[in-house]
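This is run-v1.csv (CSV, N, CA and C atoms).
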chain,number,residue,atom,x,y,z
D,1,MET,N,36.3,-10.3,-32.3
D,1,MET,CA,35.6,-10.3,-31.0
D,1,MET,C,36.4,-9.5,-30.0
D,2,TRP,N,37.7,-9.7,-29.9
D,2,TRP,CA,38.5,-8.9,-29.0
D,2,TRP,C,38.5,-7.4,-29.3
D,3,GLN,N,38.5,-7.1,-30.6
D,3,GLN,CA,38.4,-5.6,-30.9
D,3,GLN,C,37.1,-5.0,-30.5
D,4,ARG,N,36.1,-5.7,-30.6
D,4,ARG,CA,34.8,-5.2,-30.2
D,4,ARG,C,34.7,-5.0,-28.7
D,5,SER,N,35.3,-5.9,-27.9
D,5,SER,CA,35.3,-5.7,-26.5
D,5,SER,C,36.2,-4.6,-26.1
D,6,SER,N,37.3,-4.4,-26.8
D,6,SER,CA,38.2,-3.3,-26.5
D,6,SER,C,37.5,-1.9,-26.8
D,7,PHE,N,36.8,-1.9,-27.9
D,7,PHE,CA,36.1,-0.7,-28.2
D,7,PHE,C,35.0,-0.3,-27.2
D,8,ILE,N,34.3,-1.3,-26.7
D,8,ILE,CA,33.3,-1.0,-25.7
D,8,ILE,C,34.0,-0.6,-24.4
D,9,LEU,N,35.1,-1.2,-24.0
D,9,LEU,CA,35.8,-0.8,-22.8
D,9,LEU,C,36.3,0.6,-22.9
D,10,VAL,N,36.9,1.0,-24.0
D,10,VAL,CA,37.4,2.4,-24.2
D,10,VAL,C,36.2,3.4,-24.1
D,11,GLY,N,35.1,3.0,-24.7
D,11,GLY,CA,33.9,3.9,-24.7
D,11,GLY,C,33.4,4.1,-23.3
D,12,LEU,N,33.4,3.1,-22.5
D,12,LEU,CA,32.9,3.2,-21.1
D,12,LEU,C,33.9,4.0,-20.3
D,13,LEU,N,35.2,3.9,-20.5
D,13,LEU,CA,36.2,4.7,-19.8
D,13,LEU,C,36.0,6.2,-20.2
D,14,LEU,N,35.8,6.5,-21.4
D,14,LEU,CA,35.6,7.9,-21.8
D,14,LEU,C,34.4,8.5,-21.2
D,15,VAL,N,33.3,7.7,-21.2
D,15,VAL,CA,32.1,8.2,-20.6
D,15,VAL,C,32.3,8.4,-19.1
D,16,GLY,N,33.0,7.5,-18.4
D,16,GLY,CA,33.2,7.6,-17.0
D,16,GLY,C,34.2,8.7,-16.6
D,17,CYS,N,34.9,9.3,-17.5
D,17,CYS,CA,35.9,10.3,-17.2
D,17,CYS,C,35.4,11.7,-17.2
D,18,GLY,N,34.1,11.9,-17.1
D,18,GLY,CA,33.5,13.2,-17.1
D,18,GLY,C,33.8,14.0,-15.9
D,19,LYS,N,33.6,15.2,-16.0
D,19,LYS,CA,33.9,16.1,-14.8
D,19,LYS,C,32.9,15.8,-13.7
D,20,GLN,N,33.5,15.7,-12.5
D,20,GLN,CA,32.7,15.4,-11.3
D,20,GLN,C,32.0,16.6,-10.8
D,21,LEU,N,30.7,16.4,-10.4
D,21,LEU,CA,29.9,17.6,-9.9
D,21,LEU,C,30.6,18.3,-8.8
D,22,PRO,N,30.4,19.6,-8.7
D,22,PRO,CA,31.0,20.3,-7.6
D,22,PRO,C,30.2,20.1,-6.3
D,23,THR,N,30.9,20.3,-5.2
D,23,THR,CA,30.2,20.4,-3.9
D,23,THR,C,30.2,21.8,-3.5
D,24,LEU,N,29.0,22.4,-3.6
D,24,LEU,CA,28.9,23.8,-3.3
D,24,LEU,C,28.8,24.0,-1.8
D,25,GLN,N,29.5,25.0,-1.2
D,25,GLN,CA,29.5,25.3,0.2
D,25,GLN,C,28.2,26.0,0.5
D,26,ASN,N,27.7,25.8,1.7
D,26,ASN,CA,26.5,26.4,2.2
D,26,ASN,C,25.3,26.3,1.2
D,27,PHE,N,25.2,25.1,0.6
D,27,PHE,CA,24.1,24.9,-0.4
D,27,PHE,C,23.5,23.5,-0.2
D,28,ASP,N,22.2,23.5,0.0
D,28,ASP,CA,21.5,22.2,0.2
D,28,ASP,C,20.7,21.9,-1.1
D,29,ASN,N,21.2,20.9,-1.8
D,29,ASN,CA,20.6,20.5,-3.1
D,29,ASN,C,19.1,20.1,-2.9
D,30,ASP,N,18.8,19.4,-1.8
D,30,ASP,CA,17.5,18.9,-1.6
D,30,ASP,C,16.5,20.0,-1.4
D,31,LYS,N,16.9,21.0,-0.5
D,31,LYS,CA,16.0,22.1,-0.3
D,31,LYS,C,15.8,22.9,-1.6
D,32,TRP,N,16.9,23.1,-2.3
D,32,TRP,CA,16.8,23.9,-3.6
D,32,TRP,C,15.9,23.2,-4.5
D,33,LYS,N,16.0,21.9,-4.7
D,33,LYS,CA,15.1,21.2,-5.7
D,33,LYS,C,13.7,21.2,-5.2
D,34,ALA,N,13.5,21.1,-3.9
D,34,ALA,CA,12.1,21.0,-3.4
D,34,ALA,C,11.3,22.4,-3.6
D,35,ASP,N,12.1,23.5,-3.7
D,35,ASP,CA,11.5,24.8,-3.7
D,35,ASP,C,11.3,25.2,-5.2
D,36,LYS,N,10.4,24.5,-5.9
D,36,LYS,CA,10.2,24.8,-7.3
D,36,LYS,C,9.7,26.3,-7.5
D,37,ASN,N,10.3,27.0,-8.4
D,37,ASN,CA,10.0,28.4,-8.7
D,37,ASN,C,10.3,29.3,-7.6
D,38,GLY,N,10.9,28.8,-6.5
D,38,GLY,CA,11.3,29.7,-5.4
D,38,GLY,C,10.0,30.1,-4.6
D,39,CYS,N,8.9,29.4,-4.8
D,39,CYS,CA,7.6,29.8,-4.2
D,39,CYS,C,7.7,29.7,-2.6
D,40,ALA,N,8.4,28.8,-2.1
D,40,ALA,CA,8.4,28.6,-0.6
D,40,ALA,C,9.4,29.5,0.0
D,41,GLY,N,10.2,30.2,-0.7
D,41,GLY,CA,11.2,31.1,-0.2
D,41,GLY,C,12.5,30.5,0.3
D,42,GLU,N,12.6,29.2,0.2
D,42,GLU,CA,13.8,28.5,0.7
D,42,GLU,C,15.1,28.8,-0.1
D,43,ARG,N,14.9,29.1,-1.4
D,43,ARG,CA,16.1,29.3,-2.3
D,43,ARG,C,16.8,30.6,-1.9
D,44,LYS,N,16.1,31.6,-1.3
D,44,LYS,CA,16.7,32.9,-1.0
D,44,LYS,C,18.0,32.7,-0.1
D,45,GLN,N,18.0,31.8,0.8
D,45,GLN,CA,19.1,31.6,1.7
D,45,GLN,C,20.4,31.1,0.9
D,46,PHE,N,20.2,30.7,-0.3
D,46,PHE,CA,21.4,30.2,-1.1
D,46,PHE,C,21.9,31.3,-2.0
D,47,HIS,N,21.3,32.5,-2.1
D,47,HIS,CA,21.7,33.5,-3.0
D,47,HIS,C,23.2,33.9,-2.9
D,48,ALA,N,23.6,34.2,-1.7
D,48,ALA,CA,25.0,34.6,-1.5
D,48,ALA,C,26.0,33.5,-1.9
D,49,SER,N,25.6,32.3,-1.5
D,49,SER,CA,26.5,31.2,-1.7
D,49,SER,C,26.6,30.9,-3.2
D,50,LEU,N,25.5,31.0,-3.9
D,50,LEU,CA,25.5,30.8,-5.4
D,50,LEU,C,26.3,31.9,-6.1
D,51,THR,N,26.1,33.1,-5.6
D,51,THR,CA,26.8,34.3,-6.2
D,51,THR,C,28.3,34.1,-6.1
D,52,ALA,N,28.8,33.7,-5.0
D,52,ALA,CA,30.2,33.5,-4.7
D,52,ALA,C,30.8,32.3,-5.5
D,53,GLN,N,30.0,31.3,-5.8
D,53,GLN,CA,30.5,30.1,-6.4
D,53,GLN,C,29.9,29.8,-7.8
D,54,ARG,N,29.4,30.8,-8.4
D,54,ARG,CA,28.7,30.5,-9.7
D,54,ARG,C,29.7,30.0,-10.7
D,55,ASN,N,30.9,30.3,-10.7
D,55,ASN,CA,31.9,29.8,-11.7
D,55,ASN,C,32.1,28.3,-11.5
D,56,GLU,N,31.8,27.8,-10.3
D,56,GLU,CA,31.9,26.3,-10.1
D,56,GLU,C,30.9,25.5,-11.0
D,57,LEU,N,29.9,26.2,-11.6
D,57,LEU,CA,28.9,25.5,-12.4
D,57,LEU,C,29.3,25.6,-13.9
D,58,LEU,N,30.4,26.1,-14.2
D,58,LEU,CA,30.9,26.2,-15.6
D,58,LEU,C,31.5,24.8,-16.1
D,59,GLY,N,31.3,24.5,-17.3
D,59,GLY,CA,31.9,23.3,-17.9
D,59,GLY,C,31.2,22.0,-17.7
D,60,PHE,N,30.0,22.1,-17.3
D,60,PHE,CA,29.3,20.8,-17.0
D,60,PHE,C,28.2,20.6,-18.1
D,61,GLU,N,27.8,19.3,-18.3
D,61,GLU,CA,26.8,19.0,-19.2
D,61,GLU,C,25.4,19.3,-18.6
D,62,GLU,N,24.4,19.4,-19.4
D,62,GLU,CA,23.1,19.7,-19.0
D,62,GLU,C,22.6,18.7,-17.9
D,63,LEU,N,22.7,17.5,-18.2
D,63,LEU,CA,22.2,16.4,-17.3
D,63,LEU,C,22.9,16.4,-16.0
D,64,GLN,N,24.2,16.8,-16.0
D,64,GLN,CA,24.9,16.9,-14.7
D,64,GLN,C,24.4,18.0,-13.8
D,65,LEU,N,24.1,19.2,-14.5
D,65,LEU,CA,23.5,20.3,-13.7
D,65,LEU,C,22.1,20.0,-13.3
D,66,ILE,N,21.3,19.2,-14.0
D,66,ILE,CA,20.0,18.8,-13.6
D,66,ILE,C,20.1,17.9,-12.4
D,67,GLU,N,21.1,17.1,-12.4
D,67,GLU,CA,21.3,16.2,-11.2
D,67,GLU,C,21.6,17.1,-10.0
D,68,LEU,N,22.4,18.1,-10.1
D,68,LEU,CA,22.8,19.0,-9.0
D,68,LEU,C,21.6,19.9,-8.6
D,69,LEU,N,21.0,20.6,-9.6
D,69,LEU,CA,20.0,21.6,-9.2
D,69,LEU,C,18.6,21.2,-9.5
D,70,GLY,N,18.3,20.1,-10.1
D,70,GLY,CA,17.0,19.7,-10.4
D,70,GLY,C,16.6,20.3,-11.8
D,71,ARG,N,15.4,20.0,-12.2
D,71,ARG,CA,14.9,20.5,-13.5
D,71,ARG,C,14.8,22.0,-13.4
D,72,PRO,N,15.1,22.7,-14.5
D,72,PRO,CA,14.9,24.2,-14.4
D,72,PRO,C,13.5,24.6,-14.3
D,73,ASP,N,13.3,25.8,-13.7
D,73,ASP,CA,11.9,26.4,-13.6
D,73,ASP,C,11.4,26.8,-15.0
D,74,GLN,N,12.4,27.3,-15.8
D,74,GLN,CA,12.1,27.7,-17.2
D,74,GLN,C,13.3,27.4,-18.1
D,75,ASN,N,13.1,27.2,-19.3
D,75,ASN,CA,14.2,27.0,-20.3
D,75,ASN,C,13.8,27.7,-21.6
D,76,GLU,N,14.9,28.0,-22.3
D,76,GLU,CA,14.7,28.7,-23.6
D,76,GLU,C,15.7,28.2,-24.6
D,77,LEU,N,15.3,27.9,-25.8
D,77,LEU,CA,16.2,27.5,-26.9
D,77,LEU,C,16.5,28.8,-27.7
D,78,SER,N,17.7,29.1,-27.9
D,78,SER,CA,18.1,30.3,-28.6
D,78,SER,C,18.8,30.0,-29.9
D,79,LYS,N,19.3,31.1,-30.6
D,79,LYS,CA,19.9,30.9,-31.9
D,79,LYS,C,21.2,30.0,-31.7
D,80,ARG,N,21.6,29.4,-32.8
D,80,ARG,CA,22.8,28.5,-32.8
D,80,ARG,C,22.7,27.4,-31.8
D,81,ASN,N,21.5,26.9,-31.5
D,81,ASN,CA,21.3,25.8,-30.6
D,81,ASN,C,21.8,26.0,-29.2
D,82,GLN,N,21.9,27.3,-28.8
D,82,GLN,CA,22.2,27.6,-27.4
D,82,GLN,C,20.9,27.4,-26.6
D,83,LYS,N,21.1,27.0,-25.3
D,83,LYS,CA,20.0,26.7,-24.4
D,83,LYS,C,20.2,27.5,-23.1
D,84,PHE,N,19.2,28.0,-22.6
D,84,PHE,CA,19.2,28.7,-21.3
D,84,PHE,C,18.3,28.0,-20.3
D,85,TYR,N,18.9,27.8,-19.1
D,85,TYR,CA,18.1,27.3,-18.0
D,85,TYR,C,17.9,28.4,-17.0
D,86,PHE,N,16.7,28.5,-16.4
D,86,PHE,CA,16.4,29.6,-15.4
D,86,PHE,C,15.9,28.9,-14.2
D,87,TYR,N,16.5,29.3,-13.0
D,87,TYR,CA,16.1,28.8,-11.7
D,87,TYR,C,15.8,30.1,-10.9
D,88,PHE,N,14.5,30.2,-10.4
D,88,PHE,CA,14.2,31.4,-9.6
D,88,PHE,C,14.7,31.3,-8.2
D,89,ILE,N,15.4,32.3,-7.8
D,89,ILE,CA,15.8,32.4,-6.4
D,89,ILE,C,14.8,33.1,-5.5
D,90,ASP,N,14.2,34.2,-6.0
D,90,ASP,CA,13.0,34.8,-5.4
D,90,ASP,C,11.8,34.1,-6.0
D,91,PRO,N,10.7,34.2,-5.3
D,91,PRO,CA,9.4,33.6,-5.8
D,91,PRO,C,9.1,34.2,-7.3
D,92,ALA,N,8.9,33.2,-8.1
D,92,ALA,CA,8.6,33.6,-9.5
D,92,ALA,C,7.2,34.2,-9.7
D,93,PRO,N,6.9,34.9,-10.8
D,93,PRO,CA,5.6,35.4,-11.0
D,93,PRO,C,4.5,34.4,-10.9
D,94,ILE,N,4.8,33.2,-11.2
D,94,ILE,CA,3.8,32.1,-11.1
D,94,ILE,C,3.3,31.8,-9.7
D,95,CYS,N,4.1,32.2,-8.7
D,95,CYS,CA,3.8,31.9,-7.3
D,95,CYS,C,2.6,32.7,-6.7
D,96,GLY,N,2.1,33.7,-7.4
D,96,GLY,CA,1.0,34.5,-6.9
D,96,GLY,C,1.4,35.6,-6.0
D,97,GLU,N,0.8,35.8,-4.9
D,97,GLU,CA,1.0,37.0,-4.0
D,97,GLU,C,2.4,37.1,-3.5
D,98,LYS,N,3.1,36.1,-3.4
D,98,LYS,CA,4.5,36.2,-2.9
D,98,LYS,C,5.5,36.7,-4.0
D,99,ALA,N,5.0,36.6,-5.2
D,99,ALA,CA,5.9,36.9,-6.3
D,99,ALA,C,6.4,38.3,-6.5
D,100,ASP,N,7.5,38.4,-7.1
D,100,ASP,CA,8.1,39.8,-7.3
D,100,ASP,C,8.4,39.8,-8.8
D,101,SER,N,7.9,40.8,-9.5
D,101,SER,CA,8.1,40.9,-10.9
D,101,SER,C,9.6,41.0,-11.3
D,102,LEU,N,10.4,41.4,-10.4
D,102,LEU,CA,11.9,41.5,-10.6
D,102,LEU,C,12.6,40.4,-9.8
D,103,ALA,N,12.0,39.3,-9.8
D,103,ALA,CA,12.6,38.1,-9.0
D,103,ALA,C,14.0,37.8,-9.5
D,104,LYS,N,14.9,37.6,-8.6
D,104,LYS,CA,16.2,37.2,-8.9
D,104,LYS,C,16.2,35.7,-9.4
D,105,LYS,N,17.0,35.4,-10.4
D,105,LYS,CA,17.1,34.1,-10.9
D,105,LYS,C,18.5,33.7,-11.3
D,106,LEU,N,18.8,32.4,-11.2
D,106,LEU,CA,20.0,31.8,-11.7
D,106,LEU,C,19.8,31.5,-13.1
D,107,THR,N,20.7,32.0,-14.0
D,107,THR,CA,20.6,31.7,-15.4
D,107,THR,C,21.9,31.0,-15.9
D,108,ILE,N,21.7,29.8,-16.5
D,108,ILE,CA,22.8,29.1,-17.0
D,108,ILE,C,22.7,29.0,-18.5
D,109,ARG,N,23.7,29.4,-19.3
D,109,ARG,CA,23.7,29.3,-20.7
D,109,ARG,C,24.5,28.1,-21.1
D,110,PHE,N,24.0,27.2,-22.0
D,110,PHE,CA,24.6,26.1,-22.5
D,110,PHE,C,24.9,26.3,-24.0
D,111,ASN,N,26.1,25.9,-24.5
D,111,ASN,CA,26.5,26.0,-25.9
D,111,ASN,C,25.8,24.9,-26.7
D,112,ALA,N,26.0,24.8,-28.0
D,112,ALA,CA,25.4,23.8,-28.8
D,112,ALA,C,25.8,22.4,-28.5
D,113,MET,N,26.9,22.2,-27.8
D,113,MET,CA,27.3,20.9,-27.3
D,113,MET,C,26.7,20.5,-26.0
D,114,GLY,N,25.9,21.4,-25.4
D,114,GLY,CA,25.3,21.1,-24.1
D,114,GLY,C,26.1,21.3,-22.9
D,115,ILE,N,27.2,22.1,-23.0
D,115,ILE,CA,28.1,22.4,-21.9
D,115,ILE,C,27.8,23.8,-21.4
D,116,SER,N,27.8,24.0,-20.0
D,116,SER,CA,27.5,25.3,-19.4
D,116,SER,C,28.7,26.2,-19.7
D,117,LYS,N,28.4,27.4,-20.3
D,117,LYS,CA,29.4,28.3,-20.7
D,117,LYS,C,29.2,29.7,-19.9
D,118,GLU,N,28.1,29.9,-19.3
D,118,GLU,CA,27.9,31.2,-18.7
D,118,GLU,C,26.9,31.0,-17.5
D,119,VAL,N,27.2,31.5,-16.4
D,119,VAL,CA,26.3,31.4,-15.2
D,119,VAL,C,26.1,32.8,-14.7
D,120,LEU,N,24.9,33.3,-14.6
D,120,LEU,CA,24.5,34.6,-14.1
D,120,LEU,C,23.5,34.6,-13.0
D,121,ILE,N,23.6,35.5,-12.2
D,121,ILE,CA,22.5,35.7,-11.2
D,121,ILE,C,22.0,37.1,-11.4
D,122,GLU,N,20.7,37.2,-11.9
D,122,GLU,CA,20.2,38.5,-12.3
D,122,GLU,C,18.9,38.8,-11.6
Let me see the file written as structure tokens.
Amino acid sequence: MWQRSSFILVGLLLVGCGKQLPTLQNFDNDKWKADKNGCAGERKQFHASLTAQRNELLGFEELQLIELLGRPDQNELSKRNQKFYFYFIDPAPICGEKADSLAKKLTIRFNAMGISKEVLIE
């Protein structure tokens, strides 16, 4: 009985020791999340801030970044179980007349373990 309780306690401690989400300067998570696909144009104001702090998003699990940035606008499963999340900064093609075919987007690459390994703004 005691061994089982110890095992559960150690497991909870390991789960609780995950990397804490970053606090990005000049970035409003709620505005970002509310502007799905960048259609309202609110995300544009965070472009410079994200560019300067993009490395702050490395080393996090998928669910942690979803908590910070919301669900991705698009995602893609690649070879070797890598996953890509795309967040449009400029209005996405789906937005209609406001859209730009060369819309800037935040791209996050996750490795097979679900950890962010690359962050690009393209």
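Across D:Pro91, D:Asp73, D:Tyr85, D:Phe60, the tightest approach to Lys44 (chain D) is made by D:Pro91 when counting only N, CA and C atoms.
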- Query: Near Glu76 (chain D), counting only C-alpha atoms, which residues have an atom at most 9 Å away, once you skip same-chain residues fewer than 4 positions from it, shown as an MDAnalysis selection string?
  - Reply: chainID D and resid 82:86
Write out, as a CSV table (one decimal), in the frame of the given file, the residues just selected, with N, CA and C atoms.
chain,number,residue,atom,x,y,z
D,82,GLN,N,21.9,27.3,-28.8
D,82,GLN,CA,22.2,27.6,-27.4
D,82,GLN,C,20.9,27.4,-26.6
D,83,LYS,N,21.1,27.0,-25.3
D,83,LYS,CA,20.0,26.7,-24.4
D,83,LYS,C,20.2,27.5,-23.1
D,84,PHE,N,19.2,28.0,-22.6
D,84,PHE,CA,19.2,28.7,-21.3
D,84,PHE,C,18.3,28.0,-20.3
D,85,TYR,N,18.9,27.8,-19.1
D,85,TYR,CA,18.1,27.3,-18.0
D,85,TYR,C,17.9,28.4,-17.0
D,86,PHE,N,16.7,28.5,-16.4
D,86,PHE,CA,16.4,29.6,-15.4
D,86,PHE,C,15.9,28.9,-14.2
Separating atom N of Arg54 (chain D) from atom C of Leu68 (chain D), to the nearest tenth of an Å, is a gap of 13.4 Å
Could you tell me, as a VMD selection string, which residues have any atom at most 7 Å from (12.2, 32.6, -2.2), counting all atoms listed in the file? chain D and resid 37 to 45 88 to 92
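DSSP secondary structure from the backbone places Glu61, Gln74, Asn75, Glu76, Leu77, Lys83, Phe84, Tyr85, Phe86, Tyr87, Phe88, Lys105, Leu106, Thr107, Ile108, Arg109, Phe110, Ile115, Ser116, Lys117, Glu118, Val119, Leu120 and Ile121 of chain D of chain D in strand (DSSP E or B).
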Please write the residues from the selection above to a file, keeping N, CA and C atoms, as a PDB file, in the frame of the given file.
ATOM      1  N   GLU D  61      27.800  19.300 -18.300  1.00  0.00           N
ATOM      2  CA  GLU D  61      26.800  19.000 -19.200  1.00  0.00           C
ATOM      3  C   GLU D  61      25.400  19.300 -18.600  1.00  0.00           C
ATOM      4  N   GLN D  74      12.400  27.300 -15.800  1.00  0.00           N
ATOM      5  CA  GLN D  74      12.100  27.700 -17.200  1.00  0.00           C
ATOM      6  C   GLN D  74      13.300  27.400 -18.100  1.00  0.00           C
ATOM      7  N   ASN D  75      13.100  27.200 -19.300  1.00  0.00           N
ATOM      8  CA  ASN D  75      14.200  27.000 -20.300  1.00  0.00           C
ATOM      9  C   ASN D  75      13.800  27.700 -21.600  1.00  0.00           C
ATOM     10  N   GLU D  76      14.900  28.000 -22.300  1.00  0.00           N
ATOM     11  CA  GLU D  76      14.700  28.700 -23.600  1.00  0.00           C
ATOM     12  C   GLU D  76      15.700  28.200 -24.600  1.00  0.00           C
ATOM     13  N   LEU D  77      15.300  27.900 -25.800  1.00  0.00           N
ATOM     14  CA  LEU D  77      16.200  27.500 -26.900  1.00  0.00           C
ATOM     15  C   LEU D  77      16.500  28.800 -27.700  1.00  0.00           C
ATOM     16  N   LYS D  83      21.100  27.000 -25.300  1.00  0.00           N
ATOM     17  CA  LYS D  83      20.000  26.700 -24.400  1.00  0.00           C
ATOM     18  C   LYS D  83      20.200  27.500 -23.100  1.00  0.00           C
ATOM     19  N   PHE D  84      19.200  28.000 -22.600  1.00  0.00           N
ATOM     20  CA  PHE D  84      19.200  28.700 -21.300  1.00  0.00           C
ATOM     21  C   PHE D  84      18.300  28.000 -20.300  1.00  0.00           C
ATOM     22  N   TYR D  85      18.900  27.800 -19.100  1.00  0.00           N
ATOM     23  CA  TYR D  85      18.100  27.300 -18.000  1.00  0.00           C
ATOM     24  C   TYR D  85      17.900  28.400 -17.000  1.00  0.00           C
ATOM     25  N   PHE D  86      16.700  28.500 -16.400  1.00  0.00           N
ATOM     26  CA  PHE D  86      16.400  29.600 -15.400  1.00  0.00           C
ATOM     27  C   PHE D  86      15.900  28.900 -14.200  1.00  0.00           C
ATOM     28  N   TYR D  87      16.500  29.300 -13.000  1.00  0.00           N
ATOM     29  CA  TYR D  87      16.100  28.800 -11.700  1.00  0.00           C
ATOM     30  C   TYR D  87      15.800  30.100 -10.900  1.00  0.00           C
ATOM     31  N   PHE D  88      14.500  30.200 -10.400  1.00  0.00           N
ATOM     32  CA  PHE D  88      14.200  31.400  -9.600  1.00  0.00           C
ATOM     33  C   PHE D  88      14.700  31.300  -8.200  1.00  0.00           C
ATOM     34  N   LYS D 105      17.000  35.400 -10.400  1.00  0.00           N
ATOM     35  CA  LYS D 105      17.100  34.100 -10.900  1.00  0.00           C
ATOM     36  C   LYS D 105      18.500  33.700 -11.300  1.00  0.00           C
ATOM     37  N   LEU D 106      18.800  32.400 -11.200  1.00  0.00           N
ATOM     38  CA  LEU D 106      20.000  31.800 -11.700  1.00  0.00           C
ATOM     39  C   LEU D 106      19.800  31.500 -13.100  1.00  0.00           C
ATOM     40  N   THR D 107      20.700  32.000 -14.000  1.00  0.00           N
ATOM     41  CA  THR D 107      20.600  31.700 -15.400  1.00  0.00           C
ATOM     42  C   THR D 107      21.900  31.000 -15.900  1.00  0.00           C
ATOM     43  N   ILE D 108      21.700  29.800 -16.500  1.00  0.00           N
ATOM     44  CA  ILE D 108      22.800  29.100 -17.000  1.00  0.00           C
ATOM     45  C   ILE D 108      22.700  29.000 -18.500  1.00  0.00           C
ATOM     46  N   ARG D 109      23.700  29.400 -19.300  1.00  0.00           N
ATOM     47  CA  ARG D 109      23.700  29.300 -20.700  1.00  0.00           C
ATOM     48  C   ARG D 109      24.500  28.100 -21.100  1.00  0.00           C
ATOM     49  N   PHE D 110      24.000  27.200 -22.000  1.00  0.00           N
ATOM     50  CA  PHE D 110      24.600  26.100 -22.500  1.00  0.00           C
ATOM     51  C   PHE D 110      24.900  26.300 -24.000  1.00  0.00           C
ATOM     52  N   ILE D 115      27.200  22.100 -23.000  1.00  0.00           N
ATOM     53  CA  ILE D 115      28.100  22.400 -21.900  1.00  0.00           C
ATOM     54  C   ILE D 115      27.800  23.800 -21.400  1.00  0.00           C
ATOM     55  N   SER D 116      27.800  24.000 -20.000  1.00  0.00           N
ATOM     56  CA  SER D 116      27.500  25.300 -19.400  1.00  0.00           C
ATOM     57  C   SER D 116      28.700  26.200 -19.700  1.00  0.00           C
ATOM     58  N   LYS D 117      28.400  27.400 -20.300  1.00  0.00           N
ATOM     59  CA  LYS D 117      29.400  28.300 -20.700  1.00  0.00           C
ATOM     60  C   LYS D 117      29.200  29.700 -19.900  1.00  0.00           C
ATOM     61  N   GLU D 118      28.100  29.900 -19.300  1.00  0.00           N
ATOM     62  CA  GLU D 118      27.900  31.200 -18.700  1.00  0.00           C
ATOM     63  C   GLU D 118      26.900  31.000 -17.500  1.00  0.00           C
ATOM     64  N   VAL D 119      27.200  31.500 -16.400  1.00  0.00           N
ATOM     65  CA  VAL D 119      26.300  31.400 -15.200  1.00  0.00           C
ATOM     66  C   VAL D 119      26.100  32.800 -14.700  1.00  0.00           C
ATOM     67  N   LEU D 120      24.900  33.300 -14.600  1.00  0.00           N
ATOM     68  CA  LEU D 120      24.500  34.600 -14.100  1.00  0.00           C
ATOM     69  C   LEU D 120      23.500  34.600 -13.000  1.00  0.00           C
ATOM     70  N   ILE D 121      23.600  35.500 -12.200  1.00  0.00           N
ATOM     71  CA  ILE D 121      22.500  35.700 -11.200  1.00  0.00           C
ATOM     72  C   ILE D 121      22.000  37.100 -11.400  1.00  0.00           C
TER      73      ILE D 121
END
* Ref. answer, residues at most 8 Å from (17.7, 20.6, -7.1) with all atoms listed in the file, as a ChimeraX atom specification -> /D:28-35,65-71
Review point. Taking into account only N, CA and C atoms, which residue in the set D:Lys79, D:Pro93, D:Glu122, D:Lys117 is nearest to Leu58 (chain D)?
Key: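 Once distances to Leu58 (chain D) are computed over only N, CA and C atoms, the minimum belongs to D:Lys117.
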The distance between CA of Tyr87 (chain D) and CA of Phe46 (chain D) is 11.9 Å
